[in-house]
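Colleague: Below is a structure I'd like to ask you about.
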Amino acid sequence: MPKPKKTRKKAETQNSRKSAHKKPGAGETAEEDSRRSKWVVVVLEAAKKEGHKILTDLQYDHIVDVLKRLVDFGNPAATGDLDIKPIRSFHELREKGGILGRINLRVYFGVVSEEGELVVAKVYKKEDDGPTPRHVVVLVEDRLETYKEGGLRKAATAYQETTRRR
């Protein structure tokens, strides 16, 4: 008995399954990278120091809690309320008001899909209107490149989702 021909719908379903099981970093676009199920959030030592200089301990703890939520980056149900915008090869998380008061805080992070990591490279207090300053863009890109090459890993902090025991 001859094999039945695949219908277009069945072929599309098979193709979508293949792309859903792609290994992270295997030619994915930034948008596909952001749809991973869970990320490890790595905060570089320099970014931690910048945050401590700008924020009180209570404000800093709030930002740490926000950054921990980035393990679900790309999941609109979990992080859809966060103000995150892409800038060139990295992303900008914008926080203002509430516990931060009048501080207009920016947290810059990059996606290292091969490692399944989001790397927080810089924390910055924005004081002027307009686009992200050029020196910040260059610094973030340099730190991310150095991290990808194996540097800046000492004293970095990693957050990942842990499962709860019952």
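Naming works like this for the structure tokens: A, B, ... for the chains as they're shown, residue 1 at the start of each chain, ligands 1 onward in shown order.
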Would you list the contacts of A:Leu139 as a ChimeraX atom specification, taking every protein, DNA or RNA residue within 12 Å and counting only C-alpha atoms, but skipping same-chain residues closer than 5 positions in sequence?
Modeller: /A:46-47,90,108-109,121-124,132-134,144-146
Colleague: I need the residues from that last selection saved to file as a tab-separated table (two decimals), in the first residue's frame (with C-alpha atoms), if you can.
Modeller:
```
chain	number	residue	atom	x	y	z
A	46	ALA	CA	30.89	46.30	37.75
A	47	ALA	CA	27.09	46.47	37.33
A	90	PHE	CA	21.53	44.27	23.88
A	108	TYR	CA	21.51	47.05	30.34
A	109	PHE	CA	21.80	43.34	29.59
A	121	ALA	CA	26.50	44.60	32.00
A	122	LYS	CA	25.61	48.08	33.32
A	123	VAL	CA	23.35	49.96	35.70
A	124	TYR	CA	22.89	53.63	34.89
A	132	THR	CA	21.01	56.16	25.40
A	133	PRO	CA	24.33	58.04	25.50
A	134	ARG	CA	26.98	56.72	23.11
A	144	LEU	CA	29.41	41.87	26.86
A	145	GLU	CA	32.13	41.04	24.33
A	146	THR	CA	34.70	40.58	27.10
```
Colleague: Run DSSP on the backbone and grab whatever in stretch 35-90 of chain A lands in alpha helix (DSSP H); send it over as a short mmCIF file (atom, residue, chain, number, x, y, z; two decimals) with C-alpha atoms, in the first residue's frame.
Modeller:
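Below is the file that was written, states.cif:
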```
data_model
loop_
_atom_site.label_atom_id
_atom_site.label_comp_id
_atom_site.auth_asym_id
_atom_site.auth_seq_id
_atom_site.Cartn_x
_atom_site.Cartn_y
_atom_site.Cartn_z
CA GLU A 45 30.61 42.85 39.37
CA ALA A 46 30.89 46.30 37.75
CA ALA A 47 27.09 46.47 37.33
CA LYS A 48 26.58 45.52 40.98
CA LYS A 49 28.95 48.30 42.08
CA GLU A 50 27.18 50.82 39.85
CA GLY A 51 23.83 49.82 41.34
CA HIS A 52 25.12 50.19 44.91
CA LYS A 53 26.45 53.69 44.14
CA ILE A 54 23.09 54.86 42.78
CA ASP A 57 19.89 49.14 50.09
CA LEU A 58 16.09 48.89 49.87
CA GLN A 59 16.04 50.17 46.27
CA TYR A 60 18.90 47.83 45.35
CA ASP A 61 16.99 44.84 46.78
CA HIS A 62 13.98 45.84 44.68
CA ILE A 63 16.08 45.89 41.49
CA VAL A 64 17.58 42.50 42.39
CA ASP A 65 14.03 41.12 42.65
CA VAL A 66 13.20 42.61 39.24
CA LEU A 67 16.36 41.11 37.70
CA LYS A 68 15.52 37.68 39.13
CA PRO A 76 4.90 37.79 28.29
CA ALA A 77 2.86 36.32 31.14
CA ALA A 78 5.84 36.54 33.50
CA THR A 79 7.69 39.65 32.32
#
```
Colleague: So, counting only C-alpha atoms, which residue among A:Pro86, A:Leu93, A:Lys38, A:Gly130 is closest to A:Gly74?
Modeller: A:Lys38
Colleague: Hey, what does DSSP flag as strand (DSSP E or B) within stretch 11-158 of chain A? Can you give it to me as a ChimeraX atom specification?
Modeller: /A:40-43,83-87,90-96,104-112,117-125,157-158
Colleague: Would you compute the distance between atom CA of A:Val71 and atom CA of A:Tyr159? Give it in Å to one decimal.
Modeller: 7.7 Å
Colleague: Find the residue from A:Ile103, A:Leu118, A:Leu55, A:Leu44 that sits nearest to A:Gln160; use only C-alpha atoms when measuring.
Modeller: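 So, comparing all the options, the nearest one is A:Leu118.
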Colleague: At what distance in Å, to one decimal, does atom CA of A:Val140 lie from atom CA of A:Val112?
Modeller: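 About the pair atom CA of A:Val112 and atom CA of A:Val140: they are 13.5 Å apart.
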